[in-house]
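Presented below is the structure to which this report refers.
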Amino acid sequence: MTEPTEYIGFVGIGRMGANMARCLHERGFHLTSVYDLHSAAAVDLANELRVYPAQTPAEVADRSSVIITVVSDDTAMHAIFSATDQTSLFGNARGRLFVNCATLSPRTHQDIDGLVTERGGLCLEACMAGSITQARKGTLYLMCGGKREAFARAESILGKLATTVRYIGPAGEAAKIKALVNMVMNSNTAALAEGLGLGAALGIDLTLLRDVFSQTGAASRVLETDGEDMQQRAHDCYFSAAHAAKDSAIALNLAKNLGLSLPVAEATLAQYQRLIVQGKGELDKSAVAELTFVDRLGSSPTHG
């Protein structure tokens, strides 16, 4: 017996959402519609994929059985799942599966899961590790939280977006792990920026230094993805400094609620907040190196 065809819509088509939609489209899934606050972007992607450019989130839910949401933060998530706005996703929740891919606070995922359940729908958090390239190629790492029923229904779709789709537990549990992943990644990024910045100040060849780092205890995934960009001041955005700050703050809030002090994560957050104050929050997180190279302080990067 074949499984019923799912009709998939997207709410939030920024750097990640748009490329996830393209990925599923190329793999033969039936996409119905896309929505974004930036309506021009929605129209452009709808034309590219030959789907409907929805004017509201409710229109996406009306046309779809599965709705994938990729929004920026808790505030945006509550807006598209507003219980008081008839144009929100709750206008057509019954029988739908909502797959929420943004990095949000665990409490928000739990709250939305409860509200969707009350309205006869299913909800799954599918927290992403990876960036634009992985979203486009379908090689993300997805950590999922919610009801097993929701995971089972979503798994075949998510399997085309990721090389690993891992069920973590009930709503909010995957979000906790994702917050820790990004907290550690952000701290590694800030530490790498300090190492390269100090190396530059000491007159060390940074290509040589990166090579030594890669073969010693200083090696990391961040070195692979961000090291050369830091050296070349190439900060085209794959994961923004503003998102890094948001995600570190989520993890630190979890720690605060437990009475834990995490000084390294706190210092990292402060660095990313400095970038935001300087108007560099939309640069890639690698731009934290602009704060650690002596000859760059007060100047602008050549890319971004």
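Following the order of the structure tokens, first chain is A, next is B, and so on, with residues numbered from 1 inside each chain and ligands from 1 in the order they appear.
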Run DSSP on the backbone and tell me which residues of segment 23-116 of chain A come out as alpha helix (DSSP H); list them as an MDAnalysis selection string.
chainID A and resid 23:26 39:49 57:63 74:80 106:116
I'd like the neighbourhood of segment 219-230 of chain A as a list in words, where a residue qualifies if any of its atoms comes within 7 Å (using only C-alpha atoms), though same-chain residues fewer than 4 positions away should be ignored.
Asn188, Thr189, Arg210, Phe213, Ser214, Gln215, Ala234, His235, Ser286, Ala287 and Ala289 of chain A
Store the residues picked out above, limited to C-alpha atoms, as a PDB file, in the first residue's frame.
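File written: part-v4.pdb
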ATOM      1  CA  ASN A 188      34.688  27.845  18.909  1.00  0.00           C
ATOM      2  CA  THR A 189      34.268  30.550  16.274  1.00  0.00           C
ATOM      3  CA  ARG A 210      45.667  27.349   9.951  1.00  0.00           C
ATOM      4  CA  PHE A 213      45.773  24.213  13.747  1.00  0.00           C
ATOM      5  CA  SER A 214      44.199  21.598  11.459  1.00  0.00           C
ATOM      6  CA  GLN A 215      46.735  18.942  12.498  1.00  0.00           C
ATOM      7  CA  ALA A 234      35.251  37.227   3.398  1.00  0.00           C
ATOM      8  CA  HIS A 235      32.099  37.468   5.510  1.00  0.00           C
ATOM      9  CA  SER A 286      33.088  34.663  10.893  1.00  0.00           C
ATOM     10  CA  ALA A 287      33.007  38.471  11.137  1.00  0.00           C
ATOM     11  CA  ALA A 289      37.382  38.169  13.576  1.00  0.00           C
TER      12      ALA A 289
END
My list of candidates is A:Arg107, A:His30, A:Arg166, A:His38. Which is closest to Val66 of chain A when distances are computed with only C-alpha atoms?
A:His30
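With only C-alpha atoms taken into account, the protein and nucleic acid residues at most 9 Å from Ala191 of chain A (excluding it and anything under 5 positions from it in its own chain) are Asn186, Leu196 and Thr268 of chain A.
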Determine, counting only C-alpha atoms, which protein, DNA and RNA residues have an atom within 8 Å of an atom of segment 123-126 of chain A; residues of the same chain fewer than 4 positions away are not included. Present the result as a PyMOL selection string.
chain A and resi 97-102+109+112-113+116-117+142-147+150-151+171-172+174-175
Deliver the residues from the most recent selection as a file, using N, CA and C atoms, as an mmCIF file, in the first residue's frame.
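The result, stored in selection-v2.cif:
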data_model
loop_
_atom_site.group_PDB
_atom_site.id
_atom_site.type_symbol
_atom_site.label_atom_id
_atom_site.label_comp_id
_atom_site.auth_asym_id
_atom_site.auth_seq_id
_atom_site.Cartn_x
_atom_site.Cartn_y
_atom_site.Cartn_z
ATOM 1 N N LEU A 97 0.291 18.758 9.459
ATOM 2 C CA LEU A 97 1.548 18.529 10.167
ATOM 3 C C LEU A 97 2.414 19.775 9.983
ATOM 4 N N PHE A 98 2.820 20.356 11.089
ATOM 5 C CA PHE A 98 3.691 21.530 11.063
ATOM 6 C C PHE A 98 5.097 21.099 11.463
ATOM 7 N N VAL A 99 6.044 21.319 10.579
ATOM 8 C CA VAL A 99 7.442 20.977 10.827
ATOM 9 C C VAL A 99 8.206 22.288 10.995
ATOM 10 N N ASN A 100 8.657 22.543 12.211
ATOM 11 C CA ASN A 100 9.232 23.841 12.567
ATOM 12 C C ASN A 100 10.743 23.725 12.682
ATOM 13 N N CYS A 101 11.451 24.411 11.786
ATOM 14 C CA CYS A 101 12.887 24.196 11.631
ATOM 15 C C CYS A 101 13.763 25.291 12.231
ATOM 16 N N ALA A 102 13.188 26.355 12.728
ATOM 17 C CA ALA A 102 14.008 27.441 13.261
ATOM 18 C C ALA A 102 14.604 27.081 14.623
ATOM 19 N N HIS A 109 8.779 26.021 21.370
ATOM 20 C CA HIS A 109 8.416 24.777 20.686
ATOM 21 C C HIS A 109 7.343 24.021 21.482
ATOM 22 N N ILE A 112 3.899 25.918 21.135
ATOM 23 C CA ILE A 112 3.285 25.749 19.822
ATOM 24 C C ILE A 112 2.775 24.329 19.650
ATOM 25 N N ASP A 113 3.525 23.354 20.123
ATOM 26 C CA ASP A 113 3.091 21.960 20.043
ATOM 27 C C ASP A 113 1.754 21.774 20.759
ATOM 28 N N VAL A 116 -1.093 23.537 18.702
ATOM 29 C CA VAL A 116 -1.426 22.796 17.483
ATOM 30 C C VAL A 116 -2.225 21.546 17.829
ATOM 31 N N THR A 117 -1.813 20.843 18.878
ATOM 32 C CA THR A 117 -2.518 19.632 19.302
ATOM 33 C C THR A 117 -3.960 19.947 19.668
ATOM 34 N N LEU A 142 19.386 16.912 11.091
ATOM 35 C CA LEU A 142 18.135 17.343 11.710
ATOM 36 C C LEU A 142 17.902 16.625 13.034
ATOM 37 N N MET A 143 17.643 17.419 14.069
ATOM 38 C CA MET A 143 17.313 16.913 15.402
ATOM 39 C C MET A 143 15.832 17.186 15.647
ATOM 40 N N CYS A 144 15.062 16.140 15.900
ATOM 41 C CA CYS A 144 13.608 16.267 15.919
ATOM 42 C C CYS A 144 13.024 16.027 17.304
ATOM 43 N N GLY A 145 12.036 16.853 17.630
ATOM 44 C CA GLY A 145 11.331 16.710 18.903
ATOM 45 C C GLY A 145 9.832 16.843 18.702
ATOM 46 N N GLY A 146 9.085 16.024 19.411
ATOM 47 C CA GLY A 146 7.628 16.044 19.290
ATOM 48 C C GLY A 146 7.081 14.642 19.467
ATOM 49 N N LYS A 147 5.845 14.449 19.065
ATOM 50 C CA LYS A 147 5.217 13.136 19.178
ATOM 51 C C LYS A 147 5.786 12.181 18.138
ATOM 52 N N ALA A 150 4.096 12.334 14.815
ATOM 53 C CA ALA A 150 4.510 13.439 13.957
ATOM 54 C C ALA A 150 5.834 13.117 13.264
ATOM 55 N N PHE A 151 6.755 12.523 14.011
ATOM 56 C CA PHE A 151 8.057 12.173 13.435
ATOM 57 C C PHE A 151 7.895 11.145 12.325
ATOM 58 N N ALA A 171 8.527 17.343 22.627
ATOM 59 C CA ALA A 171 8.681 18.741 22.201
ATOM 60 C C ALA A 171 9.610 19.492 23.148
ATOM 61 N N GLY A 172 10.516 20.248 22.586
ATOM 62 C CA GLY A 172 11.462 21.046 23.352
ATOM 63 C C GLY A 172 12.805 20.389 23.570
ATOM 64 N N ALA A 174 14.715 18.527 21.420
ATOM 65 C CA ALA A 174 15.649 18.770 20.319
ATOM 66 C C ALA A 174 16.150 20.208 20.350
ATOM 67 N N ALA A 175 15.271 21.130 20.734
ATOM 68 C CA ALA A 175 15.663 22.541 20.801
ATOM 69 C C ALA A 175 16.749 22.772 21.844
#
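Proximity of A:Tyr141, A:Tyr272, A:Phe90, A:Phe10 to Leu161 of chain A, computed with only C-alpha atoms, is greatest for A:Tyr141.
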Please return as a CSV table (one decimal) with N, CA, C and O atoms, in the first residue's frame: the residues of segment 97-274 of chain A that backbone DSSP assigns to strand (DSSP E).
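Here's the written file states_15.csv:
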chain,number,residue,atom,x,y,z
A,97,LEU,N,0.3,18.8,9.5
A,97,LEU,CA,1.5,18.5,10.2
A,97,LEU,C,2.4,19.8,10.0
A,97,LEU,O,2.7,20.2,8.8
A,98,PHE,N,2.8,20.4,11.1
A,98,PHE,CA,3.7,21.5,11.1
A,98,PHE,C,5.1,21.1,11.5
A,98,PHE,O,5.3,20.6,12.6
A,99,VAL,N,6.0,21.3,10.6
A,99,VAL,CA,7.4,21.0,10.8
A,99,VAL,C,8.2,22.3,11.0
A,99,VAL,O,8.4,23.1,10.0
A,100,ASN,N,8.7,22.5,12.2
A,100,ASN,CA,9.2,23.8,12.6
A,100,ASN,C,10.7,23.7,12.7
A,100,ASN,O,11.3,23.0,13.6
A,122,LEU,N,-0.7,18.2,14.1
A,122,LEU,CA,0.5,17.6,14.6
A,122,LEU,C,1.7,18.6,14.5
A,122,LEU,O,1.7,19.4,13.5
A,123,CYS,N,2.6,18.5,15.3
A,123,CYS,CA,3.7,19.4,15.4
A,123,CYS,C,5.0,18.7,15.6
A,123,CYS,O,5.1,17.8,16.4
A,124,LEU,N,6.1,19.1,14.9
A,124,LEU,CA,7.4,18.5,15.0
A,124,LEU,C,8.4,19.6,14.9
A,124,LEU,O,8.4,20.4,14.0
A,125,GLU,N,9.3,19.7,15.9
A,125,GLU,CA,10.5,20.6,15.7
A,125,GLU,C,11.6,19.8,15.0
A,125,GLU,O,11.8,18.6,15.3
A,126,ALA,N,12.1,20.4,14.0
A,126,ALA,CA,13.2,19.7,13.2
A,126,ALA,C,14.4,20.7,13.2
A,126,ALA,O,14.5,21.5,12.2
A,127,CYS,N,15.1,20.7,14.2
A,127,CYS,CA,16.2,21.7,14.4
A,127,CYS,C,17.4,21.4,13.5
A,127,CYS,O,17.8,20.2,13.5
A,128,MET,N,17.9,22.4,12.8
A,128,MET,CA,18.9,22.1,11.8
A,128,MET,C,20.3,22.4,12.2
A,128,MET,O,20.5,23.4,12.8
A,129,ALA,N,21.2,21.5,11.8
A,129,ALA,CA,22.6,21.8,11.9
A,129,ALA,C,23.1,21.8,10.4
A,129,ALA,O,22.9,20.9,9.7
A,140,LEU,N,21.6,18.4,5.4
A,140,LEU,CA,21.5,18.9,6.7
A,140,LEU,C,21.6,17.8,7.8
A,140,LEU,O,21.5,16.6,7.4
A,141,TYR,N,21.7,18.1,9.0
A,141,TYR,CA,21.6,17.2,10.2
A,141,TYR,C,20.4,17.7,10.9
A,141,TYR,O,20.4,18.9,11.4
A,142,LEU,N,19.4,16.9,11.1
A,142,LEU,CA,18.1,17.3,11.7
A,142,LEU,C,17.9,16.6,13.0
A,142,LEU,O,18.0,15.4,13.1
A,143,MET,N,17.6,17.4,14.1
A,143,MET,CA,17.3,16.9,15.4
A,143,MET,C,15.8,17.2,15.6
A,143,MET,O,15.4,18.3,15.6
A,144,CYS,N,15.1,16.1,15.9
A,144,CYS,CA,13.6,16.3,15.9
A,144,CYS,C,13.0,16.0,17.3
A,144,CYS,O,13.4,15.1,18.0
A,145,GLY,N,12.0,16.9,17.6
A,145,GLY,CA,11.3,16.7,18.9
A,145,GLY,C,9.8,16.8,18.7
A,145,GLY,O,9.4,17.7,17.9
A,146,GLY,N,9.1,16.0,19.4
A,146,GLY,CA,7.6,16.0,19.3
A,146,GLY,C,7.1,14.6,19.5
A,146,GLY,O,7.8,13.7,19.9
A,162,ALA,N,18.1,15.9,4.6
A,162,ALA,CA,19.2,15.7,5.5
A,162,ALA,C,19.9,14.4,5.3
A,162,ALA,O,19.2,13.4,4.8
A,163,THR,N,21.1,14.3,5.7
A,163,THR,CA,21.8,13.0,5.7
A,163,THR,C,21.5,12.2,7.0
A,163,THR,O,21.6,11.0,7.0
A,164,THR,N,21.2,13.0,8.0
A,164,THR,CA,20.9,12.4,9.3
A,164,THR,C,19.6,13.1,9.8
A,164,THR,O,19.5,14.3,9.9
A,165,VAL,N,18.6,12.2,10.2
A,165,VAL,CA,17.3,12.7,10.8
A,165,VAL,C,17.2,11.9,12.1
A,165,VAL,O,17.0,10.7,12.1
A,166,ARG,N,17.4,12.6,13.2
A,166,ARG,CA,17.5,12.0,14.5
A,166,ARG,C,16.3,12.4,15.4
A,166,ARG,O,16.1,13.6,15.6
A,167,TYR,N,15.6,11.4,15.9
A,167,TYR,CA,14.5,11.7,16.9
A,167,TYR,C,15.1,11.8,18.3
A,167,TYR,O,15.8,10.9,18.7
A,168,ILE,N,14.9,12.9,18.9
A,168,ILE,CA,15.5,13.2,20.2
A,168,ILE,C,14.5,12.9,21.4
A,168,ILE,O,14.9,12.3,22.4
A,169,GLY,N,13.3,13.3,21.2
A,169,GLY,CA,12.3,13.1,22.3
A,169,GLY,C,11.1,14.0,22.2
A,169,GLY,O,10.8,14.5,21.1
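If you measure from each of A:Leu297, A:Ile157, A:Ile132, A:Ala61 to His25 of chain A using only C-alpha atoms, the closest one turns out to be A:Ile157.
Of the residues under consideration (A:Asp85, A:Glu48, A:Asp74, A:Asp36), A:Asp74 shows the shortest atom-to-atom contact distance to Thr103 of chain A when counting only C-alpha atoms.
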Report as a ChimeraX atom specification all protein, DNA and RNA residues lying within 12 Å of Thr5 of chain A, evaluated on only C-alpha atoms, omitting residues in the same chain fewer than 3 positions from it.
/A:2,8,28-31,64-66,153-154,156-157
Distance criterion (only C-alpha atoms): nearest to Ile67 of chain A out of A:Leu198, A:Val11, A:Ala83, A:Ala244
A:Val11
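In terms of minimum interatomic distance to Pro53 of chain A, A:Ile13 ranks closest within A:Ile13, A:Ala242, A:Ile80, A:Ala255, counting only C-alpha atoms.
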Hey, what's within 12 Å of Gly91 of chain A if we count only C-alpha atoms and toss same-chain stuff fewer than 3 positions away? As a PyMOL selection string, please?
chain A and resi 56-63+80-88+94-96+116+119-121
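Between atom CA of Ser33 of chain A and atom CA of Val51 of chain A lies a distance of 5.1 Å.
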Enter the distance from atom CA of Pro263 of chain A to atom CA of Ala251 of chain A, in Å, rounded to one decimal.
12.3 Å
